[in-house]
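Structure file final.pdb (PDB, C-alpha atoms, pLDDT in the B column) follows.
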```pdb
MODEL        1
ATOM      1  CA  MET Q 928       0.805  15.377  19.256  1.00 90.00           C
ATOM      2  CA  PRO Q 929      -0.453  12.621  16.909  1.00 96.00           C
ATOM      3  CA  ARG Q 930       1.499   9.374  16.736  1.00 97.00           C
ATOM      4  CA  ILE Q 931       1.929   7.795  13.295  1.00 98.00           C
ATOM      5  CA  LEU Q 932       3.213   4.362  12.318  1.00 98.00           C
ATOM      6  CA  LEU Q 933       4.882   4.355   8.896  1.00 98.00           C
ATOM      7  CA  THR Q 934       5.569   1.206   6.882  1.00 98.00           C
ATOM      8  CA  ASN Q 935       5.912  -0.040   3.287  1.00 98.00           C
ATOM      9  CA  ASP Q 936       6.679  -3.111   1.174  1.00 96.00           C
ATOM     10  CA  ASP Q 937       9.731  -1.730  -0.675  1.00 96.00           C
ATOM     11  CA  GLY Q 938      11.966  -1.977   2.395  1.00 97.00           C
ATOM     12  CA  ILE Q 939      13.488   0.225   5.072  1.00 97.00           C
ATOM     13  CA  ALA Q 940      15.945   1.832   2.608  1.00 96.00           C
ATOM     14  CA  ALA Q 941      13.326   2.819   0.014  1.00 97.00           C
ATOM     15  CA  PRO Q 942      13.450   6.505  -1.000  1.00 97.00           C
ATOM     16  CA  GLY Q 943       9.652   6.754  -1.045  1.00 98.00           C
ATOM     17  CA  LEU Q 944       9.472   5.735   2.606  1.00 98.00           C
ATOM     18  CA  HIS Q 945      11.912   8.429   3.660  1.00 97.00           C
ATOM     19  CA  ALA Q 946      10.310  11.125   1.511  1.00 98.00           C
ATOM     20  CA  LEU Q 947       6.997  10.396   3.215  1.00 98.00           C
ATOM     21  CA  ARG Q 948       8.582  10.181   6.656  1.00 98.00           C
ATOM     22  CA  SER Q 949      10.011  13.690   6.255  1.00 97.00           C
ATOM     23  CA  GLU Q 950       6.552  15.075   5.488  1.00 98.00           C
ATOM     24  CA  LEU Q 951       4.692  13.117   8.167  1.00 98.00           C
ATOM     25  CA  ARG Q 952       7.082  14.340  10.852  1.00 97.00           C
ATOM     26  CA  ARG Q 953       5.541  17.771  10.319  1.00 97.00           C
ATOM     27  CA  LEU Q 954       2.286  16.347  11.700  1.00 98.00           C
ATOM     28  CA  GLY Q 955       3.518  14.427  14.719  1.00 97.00           C
ATOM     29  CA  GLU Q 956       5.719  11.657  16.058  1.00 97.00           C
ATOM     30  CA  VAL Q 957       6.556   9.042  13.405  1.00 97.00           C
ATOM     31  CA  THR Q 958       7.713   5.492  14.125  1.00 97.00           C
ATOM     32  CA  THR Q 959       8.913   3.535  11.096  1.00 98.00           C
ATOM     33  CA  VAL Q 960       8.675  -0.256  10.956  1.00 98.00           C
ATOM     34  CA  ALA Q 961       9.491  -1.696   7.537  1.00 98.00           C
ATOM     35  CA  PRO Q 962      10.832  -4.865   5.918  1.00 97.00           C
ATOM     36  CA  ASP Q 963      14.605  -5.251   5.882  1.00 95.00           C
ATOM     37  CA  ALA Q 964      14.430  -5.880   2.110  1.00 94.00           C
ATOM     38  CA  GLU Q 965      11.841  -5.516  -0.627  1.00 93.00           C
ATOM     39  CA  ARG Q 966       8.668  -7.516   0.014  1.00 94.00           C
ATOM     40  CA  SER Q 967       6.559  -6.405  -2.958  1.00 92.00           C
ATOM     41  CA  ALA Q 968       3.464  -8.371  -4.028  1.00 87.00           C
ATOM     42  CA  MET Q 969       3.276 -10.158  -0.683  1.00 87.00           C
ATOM     43  CA  ALA Q 970      -0.435  -9.332  -0.381  1.00 93.00           C
ATOM     44  CA  HIS Q 971      -1.590 -10.060   3.184  1.00 94.00           C
ATOM     45  CA  ALA Q 972       0.930 -12.777   4.000  1.00 94.00           C
ATOM     46  CA  ILE Q 973       1.962 -13.097   7.643  1.00 95.00           C
ATOM     47  CA  THR Q 974       4.834 -15.058   9.151  1.00 94.00           C
ATOM     48  CA  THR Q 975       3.866 -18.059  11.270  1.00 95.00           C
ATOM     49  CA  LEU Q 976       6.592 -20.677  10.788  1.00 95.00           C
ATOM     50  CA  THR Q 977       9.795 -18.688  11.397  1.00 95.00           C
ATOM     51  CA  PRO Q 978      10.848 -16.143  14.048  1.00 96.00           C
ATOM     52  CA  LEU Q 979      10.404 -12.425  13.408  1.00 96.00           C
ATOM     53  CA  ARG Q 980      13.574 -10.468  14.048  1.00 97.00           C
ATOM     54  CA  VAL Q 981      13.781  -6.709  14.524  1.00 97.00           C
ATOM     55  CA  ALA Q 982      16.820  -4.444  14.244  1.00 97.00           C
ATOM     56  CA  GLU Q 983      17.168  -0.733  14.919  1.00 96.00           C
ATOM     57  CA  VAL Q 984      18.138   1.362  11.890  1.00 96.00           C
ATOM     58  CA  ARG Q 985      20.186   4.494  12.530  1.00 94.00           C
ATOM     59  CA  ARG Q 986      21.549   7.325  10.425  1.00 90.00           C
ATOM     60  CA  ALA Q 987      24.193   9.642  11.825  1.00 89.00           C
ATOM     61  CA  GLY Q 988      23.640   7.978  15.167  1.00 90.00           C
ATOM     62  CA  LYS Q 989      19.914   8.756  15.236  1.00 91.00           C
ATOM     63  CA  LEU Q 990      17.199   6.117  15.291  1.00 93.00           C
ATOM     64  CA  ILE Q 991      15.124   6.377  12.107  1.00 92.00           C
ATOM     65  CA  GLY Q 992      13.173   3.146  12.355  1.00 96.00           C
ATOM     66  CA  TYR Q 993      13.067  -0.602  12.747  1.00 98.00           C
ATOM     67  CA  ALA Q 994      13.728  -3.243  10.106  1.00 98.00           C
ATOM     68  CA  THR Q 995      12.260  -6.726  10.234  1.00 97.00           C
ATOM     69  CA  ASN Q 996      12.537  -9.915   8.217  1.00 97.00           C
ATOM     70  CA  GLY Q 997       8.741 -10.077   8.094  1.00 96.00           C
ATOM     71  CA  THR Q 998       6.093  -9.069   5.593  1.00 97.00           C
ATOM     72  CA  PRO Q 999       4.356  -5.669   5.388  1.00 97.00           C
ATOM     73  CA  ALA Q1000       1.436  -7.033   7.422  1.00 97.00           C
ATOM     74  CA  ASP Q1001       3.940  -8.355   9.979  1.00 97.00           C
ATOM     75  CA  CYS Q1002       5.419  -4.861  10.238  1.00 98.00           C
ATOM     76  CA  VAL Q1003       2.057  -3.459  11.279  1.00 98.00           C
ATOM     77  CA  LYS Q1004       1.471  -6.286  13.760  1.00 97.00           C
ATOM     78  CA  LEU Q1005       4.906  -5.672  15.281  1.00 97.00           C
ATOM     79  CA  GLY Q1006       4.413  -1.927  15.363  1.00 97.00           C
ATOM     80  CA  LEU Q1007       0.964  -1.884  16.891  1.00 97.00           C
ATOM     81  CA  GLY Q1008       1.615  -4.878  19.102  1.00 96.00           C
ATOM     82  CA  THR Q1009       4.997  -4.022  20.617  1.00 95.00           C
ATOM     83  CA  LEU Q1010       7.109  -1.242  19.110  1.00 95.00           C
ATOM     84  CA  CYS Q1011       4.559   1.602  19.142  1.00 92.00           C
ATOM     85  CA  PRO Q1012       1.250   0.257  20.461  1.00 90.00           C
ATOM     86  CA  ASP Q1013      -0.530   3.578  20.903  1.00 92.00           C
ATOM     87  CA  VAL Q1014      -0.828   5.282  17.499  1.00 97.00           C
ATOM     88  CA  ASP Q1015      -3.466   7.410  15.845  1.00 98.00           C
ATOM     89  CA  LEU Q1016      -2.758   6.559  12.208  1.00 98.00           C
ATOM     90  CA  VAL Q1017      -0.911   4.012  10.067  1.00 98.00           C
ATOM     91  CA  VAL Q1018       0.494   5.101   6.698  1.00 98.00           C
ATOM     92  CA  SER Q1019       1.942   2.645   4.168  1.00 98.00           C
ATOM     93  CA  GLY Q1020       4.119   3.893   1.313  1.00 94.00           C
ATOM     94  CA  ILE Q1021       5.167   5.590  -0.795  1.00 98.00           C
ATOM     95  CA  ASN Q1022       5.151   2.531  -3.032  1.00 98.00           C
ATOM     96  CA  LEU Q1023       7.131   2.561  -6.261  1.00 97.00           C
ATOM     97  CA  GLY Q1024       4.425   1.630  -8.747  1.00 95.00           C
ATOM     98  CA  ALA Q1025       0.680   2.118  -8.845  1.00 96.00           C
ATOM     99  CA  ASN Q1026      -1.671   0.024  -6.729  1.00 96.00           C
ATOM    100  CA  THR Q1027      -4.858   0.452  -8.702  1.00 96.00           C
ATOM    101  CA  ALA Q1028      -7.544  -1.902  -9.991  1.00 95.00           C
ATOM    102  CA  THR Q1029      -6.785  -5.597  -9.424  1.00 92.00           C
ATOM    103  CA  ASN Q1030      -3.221  -4.792  -8.294  1.00 91.00           C
ATOM    104  CA  VAL Q1031      -4.755  -3.986  -4.905  1.00 95.00           C
ATOM    105  CA  ILE Q1032      -5.260  -7.720  -4.302  1.00 94.00           C
ATOM    106  CA  TYR Q1033      -1.531  -8.455  -4.593  1.00 93.00           C
ATOM    107  CA  SER Q1034      -0.209  -5.300  -2.968  1.00 95.00           C
ATOM    108  CA  GLY Q1035       1.850  -5.521   0.203  1.00 96.00           C
ATOM    109  CA  THR Q1036       1.516  -1.747   0.536  1.00 98.00           C
ATOM    110  CA  VAL Q1037      -2.272  -1.893   0.616  1.00 98.00           C
ATOM    111  CA  SER Q1038      -2.320  -5.015   2.784  1.00 97.00           C
ATOM    112  CA  ALA Q1039      -0.225  -3.294   5.454  1.00 98.00           C
ATOM    113  CA  ALA Q1040      -2.877  -0.582   5.624  1.00 98.00           C
ATOM    114  CA  ILE Q1041      -5.624  -3.211   5.702  1.00 98.00           C
ATOM    115  CA  GLU Q1042      -3.904  -4.936   8.637  1.00 98.00           C
ATOM    116  CA  ALA Q1043      -3.963  -1.659  10.544  1.00 98.00           C
ATOM    117  CA  ARG Q1044      -7.681  -1.284   9.894  1.00 98.00           C
ATOM    118  CA  LEU Q1045      -8.272  -4.872  11.012  1.00 97.00           C
ATOM    119  CA  LEU Q1046      -6.573  -3.890  14.258  1.00 97.00           C
ATOM    120  CA  GLY Q1047      -8.796  -0.847  14.626  1.00 96.00           C
ATOM    121  CA  VAL Q1048      -6.428   1.941  13.548  1.00 98.00           C
ATOM    122  CA  PRO Q1049      -7.249   4.367  10.672  1.00 98.00           C
ATOM    123  CA  SER Q1050      -4.907   3.841   7.749  1.00 98.00           C
ATOM    124  CA  ILE Q1051      -3.779   5.070   4.346  1.00 98.00           C
ATOM    125  CA  ALA Q1052      -1.853   3.396   1.512  1.00 98.00           C
ATOM    126  CA  ILE Q1053       0.039   5.687  -0.859  1.00 98.00           C
ATOM    127  CA  SER Q1054       1.584   4.715  -4.207  1.00 98.00           C
ATOM    128  CA  LEU Q1055       3.380   6.566  -6.995  1.00 98.00           C
ATOM    129  CA  ALA Q1056       2.357   5.479 -10.488  1.00 97.00           C
ATOM    130  CA  THR Q1057       5.757   4.797 -12.015  1.00 96.00           C
ATOM    131  CA  LEU Q1058       8.565   2.279 -11.941  1.00 94.00           C
ATOM    132  CA  THR Q1059      11.209   4.666 -13.300  1.00 96.00           C
ATOM    133  CA  ASP Q1060      12.379   8.216 -12.546  1.00 97.00           C
ATOM    134  CA  PRO Q1061      10.071   8.761  -9.546  1.00 98.00           C
ATOM    135  CA  ILE Q1062       9.088  12.270  -8.465  1.00 97.00           C
ATOM    136  CA  TRP Q1063       8.652  11.727  -4.729  1.00 98.00           C
ATOM    137  CA  SER Q1064       8.135  15.303  -3.592  1.00 96.00           C
ATOM    138  CA  TYR Q1065       4.532  15.879  -4.631  1.00 97.00           C
ATOM    139  CA  ALA Q1066       3.389  12.397  -3.630  1.00 98.00           C
ATOM    140  CA  ALA Q1067       4.921  12.897  -0.170  1.00 98.00           C
ATOM    141  CA  THR Q1068       3.309  16.310   0.219  1.00 98.00           C
ATOM    142  CA  PHE Q1069      -0.071  14.969  -0.851  1.00 98.00           C
ATOM    143  CA  GLY Q1070       0.363  12.034   1.526  1.00 98.00           C
ATOM    144  CA  ARG Q1071       0.846  14.468   4.397  1.00 98.00           C
ATOM    145  CA  GLN Q1072      -2.314  16.316   3.341  1.00 98.00           C
ATOM    146  CA  VAL Q1073      -4.360  13.104   3.367  1.00 98.00           C
ATOM    147  CA  ALA Q1074      -2.877  12.046   6.701  1.00 98.00           C
ATOM    148  CA  ALA Q1075      -3.781  15.402   8.247  1.00 98.00           C
ATOM    149  CA  MET Q1076      -7.374  15.096   7.057  1.00 98.00           C
ATOM    150  CA  VAL Q1077      -7.734  11.552   8.382  1.00 98.00           C
ATOM    151  CA  LEU Q1078      -6.275  12.581  11.738  1.00 98.00           C
ATOM    152  CA  ASP Q1079      -8.775  15.444  11.865  1.00 97.00           C
ATOM    153  CA  ARG Q1080     -11.888  13.761  10.470  1.00 97.00           C
ATOM    154  CA  GLY Q1081     -11.331  10.046  11.031  1.00 97.00           C
ATOM    155  CA  LEU Q1082     -12.624   7.313   8.717  1.00 98.00           C
ATOM    156  CA  PRO Q1083     -15.822   5.256   8.613  1.00 96.00           C
ATOM    157  CA  PRO Q1084     -15.613   1.839  10.319  1.00 95.00           C
ATOM    158  CA  ARG Q1085     -13.589  -0.768   8.366  1.00 96.00           C
ATOM    159  CA  VAL Q1086     -12.685   1.794   5.669  1.00 98.00           C
ATOM    160  CA  LEU Q1087      -9.174   2.820   4.625  1.00 98.00           C
ATOM    161  CA  LEU Q1088      -7.899   5.055   1.831  1.00 98.00           C
ATOM    162  CA  ASN Q1089      -5.908   3.803  -1.148  1.00 98.00           C
ATOM    163  CA  VAL Q1090      -4.132   6.791  -2.714  1.00 98.00           C
ATOM    164  CA  ASN Q1091      -2.411   6.692  -6.108  1.00 98.00           C
ATOM    165  CA  VAL Q1092      -0.450   9.678  -7.396  1.00 98.00           C
ATOM    166  CA  PRO Q1093       0.630  10.248 -11.027  1.00 98.00           C
ATOM    167  CA  ASN Q1094       4.373  10.658 -11.464  1.00 98.00           C
ATOM    168  CA  LEU Q1095       4.067  14.342 -12.297  1.00 97.00           C
ATOM    169  CA  PRO Q1096       5.143  17.643 -10.759  1.00 95.00           C
ATOM    170  CA  ARG Q1097       2.442  19.482  -8.831  1.00 96.00           C
ATOM    171  CA  SER Q1098       1.905  21.918 -11.707  1.00 96.00           C
ATOM    172  CA  ALA Q1099       0.910  19.081 -14.045  1.00 97.00           C
ATOM    173  CA  ILE Q1100      -1.577  17.384 -11.685  1.00 98.00           C
ATOM    174  CA  ARG Q1101      -5.105  17.901 -13.035  1.00 98.00           C
ATOM    175  CA  GLY Q1102      -6.885  17.456  -9.708  1.00 98.00           C
ATOM    176  CA  VAL Q1103      -8.053  14.897  -7.168  1.00 98.00           C
ATOM    177  CA  ARG Q1104     -10.745  12.305  -7.828  1.00 98.00           C
ATOM    178  CA  ILE Q1105     -12.551  10.074  -5.351  1.00 98.00           C
ATOM    179  CA  THR Q1106     -12.691   6.811  -7.263  1.00 98.00           C
ATOM    180  CA  ARG Q1107     -13.673   3.161  -7.163  1.00 96.00           C
ATOM    181  CA  GLN Q1108     -11.408   0.212  -7.849  1.00 96.00           C
ATOM    182  CA  GLY Q1109     -11.084  -0.500 -11.556  1.00 94.00           C
ATOM    183  CA  ASP Q1110     -10.667  -3.705 -13.564  1.00 90.00           C
ATOM    184  CA  SER Q1111      -7.311  -3.171 -15.295  1.00 89.00           C
ATOM    185  CA  ARG Q1112      -4.714  -5.816 -14.536  1.00 84.00           C
ATOM    186  CA  TYR Q1113      -1.325  -7.289 -15.254  1.00 74.00           C
ATOM    187  CA  VAL Q1114      -1.474 -10.062 -17.823  1.00 79.00           C
ATOM    188  CA  GLY Q1115       1.020 -12.538 -16.406  1.00 76.00           C
ATOM    189  CA  GLU Q1116       3.317 -14.802 -18.363  1.00 81.00           C
ATOM    190  CA  LEU Q1117       5.512 -17.527 -16.897  1.00 87.00           C
ATOM    191  CA  ALA Q1118       8.629 -17.425 -19.056  1.00 88.00           C
ATOM    192  CA  LEU Q1119      10.624 -20.663 -19.224  1.00 92.00           C
ATOM    193  CA  ARG Q1120      14.372 -20.061 -18.930  1.00 92.00           C
ATOM    194  CA  GLN Q1121      17.557 -21.960 -18.152  1.00 93.00           C
ATOM    195  CA  ASP Q1122      20.108 -21.319 -15.442  1.00 93.00           C
ATOM    196  CA  PRO Q1123      23.883 -21.472 -16.224  1.00 94.00           C
ATOM    197  CA  ARG Q1124      23.828 -25.222 -15.573  1.00 95.00           C
ATOM    198  CA  GLY Q1125      21.079 -25.807 -18.084  1.00 92.00           C
ATOM    199  CA  ARG Q1126      18.343 -26.451 -15.535  1.00 95.00           C
ATOM    200  CA  PRO Q1127      14.907 -25.006 -16.376  1.00 93.00           C
ATOM    201  CA  TYR Q1128      13.142 -22.433 -14.233  1.00 93.00           C
ATOM    202  CA  TYR Q1129      10.181 -20.103 -14.604  1.00 90.00           C
ATOM    203  CA  TRP Q1130      10.122 -16.310 -14.227  1.00 88.00           C
ATOM    204  CA  LEU Q1131       6.863 -14.424 -13.834  1.00 83.00           C
ATOM    205  CA  ALA Q1132       6.709 -11.680 -16.453  1.00 78.00           C
ATOM    206  CA  GLY Q1133       3.945  -9.892 -18.328  1.00 74.00           C
ATOM    207  CA  ALA Q1134       2.583  -6.417 -18.959  1.00 78.00           C
ATOM    208  CA  TYR Q1135      -0.046  -4.101 -17.533  1.00 78.00           C
ATOM    209  CA  GLU Q1136      -3.261  -4.067 -19.543  1.00 81.00           C
ATOM    210  CA  MET Q1137      -5.164  -0.791 -19.179  1.00 83.00           C
ATOM    211  CA  THR Q1138      -8.821  -1.574 -19.843  1.00 87.00           C
ATOM    212  CA  ASP Q1139     -10.634   0.980 -17.671  1.00 88.00           C
ATOM    213  CA  GLU Q1140     -12.505   3.601 -19.671  1.00 89.00           C
ATOM    214  CA  ASP Q1141     -14.857   4.548 -16.841  1.00 89.00           C
ATOM    215  CA  THR Q1142     -13.835   7.990 -15.542  1.00 94.00           C
ATOM    216  CA  GLY Q1143     -14.865   6.936 -12.045  1.00 96.00           C
ATOM    217  CA  THR Q1144     -12.135   4.312 -11.690  1.00 97.00           C
ATOM    218  CA  ASP Q1145      -8.757   4.628 -10.023  1.00 96.00           C
ATOM    219  CA  ALA Q1146      -6.817   3.372 -13.063  1.00 96.00           C
ATOM    220  CA  TRP Q1147      -8.465   5.887 -15.413  1.00 97.00           C
ATOM    221  CA  ALA Q1148      -7.904   8.782 -13.016  1.00 97.00           C
ATOM    222  CA  VAL Q1149      -4.174   8.131 -12.599  1.00 97.00           C
ATOM    223  CA  ALA Q1150      -3.655   7.482 -16.329  1.00 96.00           C
ATOM    224  CA  ASN Q1151      -5.235  10.861 -17.042  1.00 97.00           C
ATOM    225  CA  GLY Q1152      -3.209  12.917 -14.580  1.00 98.00           C
ATOM    226  CA  TYR Q1153      -5.483  12.904 -11.519  1.00 98.00           C
ATOM    227  CA  VAL Q1154      -4.659  11.812  -8.003  1.00 98.00           C
ATOM    228  CA  SER Q1155      -6.919   8.880  -7.148  1.00 98.00           C
ATOM    229  CA  VAL Q1156      -8.306   8.444  -3.631  1.00 98.00           C
ATOM    230  CA  THR Q1157     -10.254   5.197  -3.253  1.00 98.00           C
ATOM    231  CA  PRO Q1158     -12.086   4.262  -0.049  1.00 98.00           C
ATOM    232  CA  ILE Q1159     -11.698   0.482   0.290  1.00 97.00           C
ATOM    233  CA  THR Q1160     -12.625  -2.159   2.848  1.00 97.00           C
ATOM    234  CA  TYR Q1161     -11.614  -5.713   3.682  1.00 95.00           C
ATOM    235  CA  ASP Q1162     -15.157  -7.117   3.610  1.00 94.00           C
ATOM    236  CA  LEU Q1163     -15.116  -9.206   0.410  1.00 93.00           C
ATOM    237  CA  THR Q1164     -18.786 -10.175   0.500  1.00 94.00           C
ATOM    238  CA  ALA Q1165     -20.501  -9.769  -2.882  1.00 94.00           C
ATOM    239  CA  GLU Q1166     -23.671  -8.201  -1.474  1.00 94.00           C
ATOM    240  CA  SER Q1167     -25.434  -8.068  -4.840  1.00 95.00           C
ATOM    241  CA  ALA Q1168     -25.056 -11.848  -5.217  1.00 97.00           C
ATOM    242  CA  LEU Q1169     -26.521 -12.844  -1.842  1.00 96.00           C
ATOM    243  CA  GLN Q1170     -30.174 -12.854  -2.894  1.00 96.00           C
ATOM    244  CA  PRO Q1171     -29.734 -14.445  -6.357  1.00 96.00           C
ATOM    245  CA  ILE Q1172     -27.671 -17.289  -4.899  1.00 96.00           C
ATOM    246  CA  ALA Q1173     -30.094 -17.708  -1.988  1.00 95.00           C
ATOM    247  CA  GLU Q1174     -32.781 -18.429  -4.617  1.00 95.00           C
ATOM    248  CA  TRP Q1175     -30.944 -21.511  -5.889  1.00 96.00           C
ATOM    249  CA  THR Q1176     -32.297 -24.871  -4.785  1.00 95.00           C
ATOM    250  CA  TRP Q1177     -30.212 -25.888  -1.786  1.00 94.00           C
ATOM    251  CA  ARG Q1178     -30.408 -29.336  -0.235  1.00 92.00           C
ATOM    252  CA  THR Q1179     -28.859 -30.696   2.938  1.00 90.00           C
TER     253      THR Q1179
ENDMDL
END
```

Mind converting the file's structure to structure tokens?
Amino acid sequence: MPRILLTNDDGIAAPGLHALRSELRRLGEVTTVAPDAERSAMAHAITTLTPLRVAEVRRAGKLIGYATNGTPADCVKLGLGTLCPDVDLVVSGINLGANTATNVIYSGTVSAAIEARLLGVPSIAISLATLTDPIWSYAATFGRQVAAMVLDRGLPPRVLLNVNVPNLPRSAIRGVRITRQGDSRYVGELALRQDPRGRPYYWLAGAYEMTDEDTGTDAWAVANGYVSVTPITYDLTAESALQPIAEWTWRT
């Protein structure tokens, strides 16, 4: 029976985590290790200056997972290093909100899956493209389908899958597209405000700017009703720039 480590960045109580857990348990044994509170937009942060604490989480007397004060990447390190060291697949999600285009850089959901791949375990990140009124059922079912295929077929070295699902019922999904990472992004704004004592503080705000018109991108696919499956890797080398930059005049 396959062994699966499940994690997220929305926290151990997140509905998307439990919807996905219910589906993944149809494939094998699932161990859940998740943050004890929301840790969104943590990217690939890891904890080095404070202790990591772990607590069992139970419902109706049954163990459903482990909660930690760490980041999503910490959760994977803890899971693979101590709590469930022998697993066949790591799944991160279901995140509330899309992780497409440049959002991938900030995403704790995606970074948890990247950490698994760094540690040599195939992994998937799954996100639902909404922040309100989520429809978890189809995203969870599709997540199980992807997990089953990865367990059966494996993944190329250093490659993981970033899956984004439109917030639609199955009947309204137009299909599945294998995509590349797009260029759309959040345009951030640091709003200056005052606390009740009149002291100034800043709050990061802003809005998502959809700029991708290329039908091969993840952002376009999700915006047009398709499930996006993007193979990604953690090698950030700009291969196309190696030769042009090597032709500069370098002196020592």

Contacts of segment 1141-1158 of chain Q within 7 Å, all atoms listed in the file, excl. fewer than 2 positions in-chain, as an mmCIF file with C-alpha atoms, keeping the file's coordinate frame:
```cif
data_model
loop_
_atom_site.group_PDB
_atom_site.id
_atom_site.type_symbol
_atom_site.label_atom_id
_atom_site.label_comp_id
_atom_site.auth_asym_id
_atom_site.auth_seq_id
_atom_site.Cartn_x
_atom_site.Cartn_y
_atom_site.Cartn_z
ATOM 1 C CA THR Q 1027 -4.858 0.452 -8.702
ATOM 2 C CA ALA Q 1028 -7.544 -1.902 -9.991
ATOM 3 C CA VAL Q 1086 -12.685 1.794 5.669
ATOM 4 C CA LEU Q 1087 -9.174 2.820 4.625
ATOM 5 C CA LEU Q 1088 -7.899 5.055 1.831
ATOM 6 C CA ASN Q 1089 -5.908 3.803 -1.148
ATOM 7 C CA VAL Q 1090 -4.132 6.791 -2.714
ATOM 8 C CA ASN Q 1091 -2.411 6.692 -6.108
ATOM 9 C CA VAL Q 1092 -0.450 9.678 -7.396
ATOM 10 C CA PRO Q 1093 0.630 10.248 -11.027
ATOM 11 C CA ILE Q 1100 -1.577 17.384 -11.685
ATOM 12 C CA ARG Q 1101 -5.105 17.901 -13.035
ATOM 13 C CA GLY Q 1102 -6.885 17.456 -9.708
ATOM 14 C CA VAL Q 1103 -8.053 14.897 -7.168
ATOM 15 C CA ARG Q 1104 -10.745 12.305 -7.828
ATOM 16 C CA ILE Q 1105 -12.551 10.074 -5.351
ATOM 17 C CA THR Q 1106 -12.691 6.811 -7.263
ATOM 18 C CA ARG Q 1107 -13.673 3.161 -7.163
ATOM 19 C CA GLN Q 1108 -11.408 0.212 -7.849
ATOM 20 C CA GLY Q 1109 -11.084 -0.500 -11.556
ATOM 21 C CA SER Q 1111 -7.311 -3.171 -15.295
ATOM 22 C CA ASP Q 1139 -10.634 0.980 -17.671
#
```

One decimal, Å: what's the distance from atom CA of Asp936 of chain Q over to atom CA of Leu1163 of chain Q, could you say?
22.6 Å

Counting only C-alpha atoms, which residue out of Q:Val1003, Q:Ile1021, Q:Ala1074, Q:Ala1043 sits closest to Arg953 of chain Q?
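Nearest to Arg953 of chain Q: Q:Ala1074.
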
Run through the PyMOL selection byres ((chain Q and resi 957-963) around 10) on the given coordinates and return the selected residues as an MDAnalysis selection string.
chainID Q and resid 929:941 944:945 948:956 964:967 980:984 990:1007 1010:1011 1014 1016:1020

Around the point (11.1, 18.0, -4.3), in the coordinates given by the file, pick out the residues reaching within 12 Å, counting only C-alpha atoms, and return them as a list in words.
Gly943, Ala946, Leu947, Ser949, Glu950, Pro1061, Ile1062, Trp1063, Ser1064, Tyr1065, Ala1066, Ala1067, Thr1068, Leu1095, Pro1096 and Arg1097 of chain Q

Nearest-residue call for Val1037 of chain Q, choices Q:Ala1099, Q:Val1114, Q:Met928, Q:Thr1160, using only C-alpha atoms:
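Looking only at the distances to Val1037 of chain Q, the closest residue turns out to be Q:Thr1160.
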
If I take atom CA of Met969 of chain Q and atom CA of Ile1032 of chain Q, how far is one from the other in Å, to one decimal?
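Computed distance, atom CA of Met969 of chain Q to atom CA of Ile1032 of chain Q, equals 9.6 Å.
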
Straight-line distance linking atom CA of His971 of chain Q with atom CA of Asp1162 of chain Q, stated in Å to one decimal:
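Separation between atom CA of His971 of chain Q and atom CA of Asp1162 of chain Q: 13.9 Å.
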
Which residue out of Q:Ile1053, Q:Ala1040, Q:Leu1119, Q:Val1048 has the minimum interatomic distance to Phe1069 of chain Q when all atoms listed in the file are used?
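Residue with the minimum atom-to-atom distance to Phe1069 of chain Q: Q:Ile1053.
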
Between Q:Tyr1161, Q:Tyr1129, Q:Tyr1113, Q:Trp1177, which one has atoms that come closest to Asn1026 of chain Q, using all atoms listed in the file?
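Among the listed residues, the smallest separation from Asn1026 of chain Q belongs to Q:Tyr1113.
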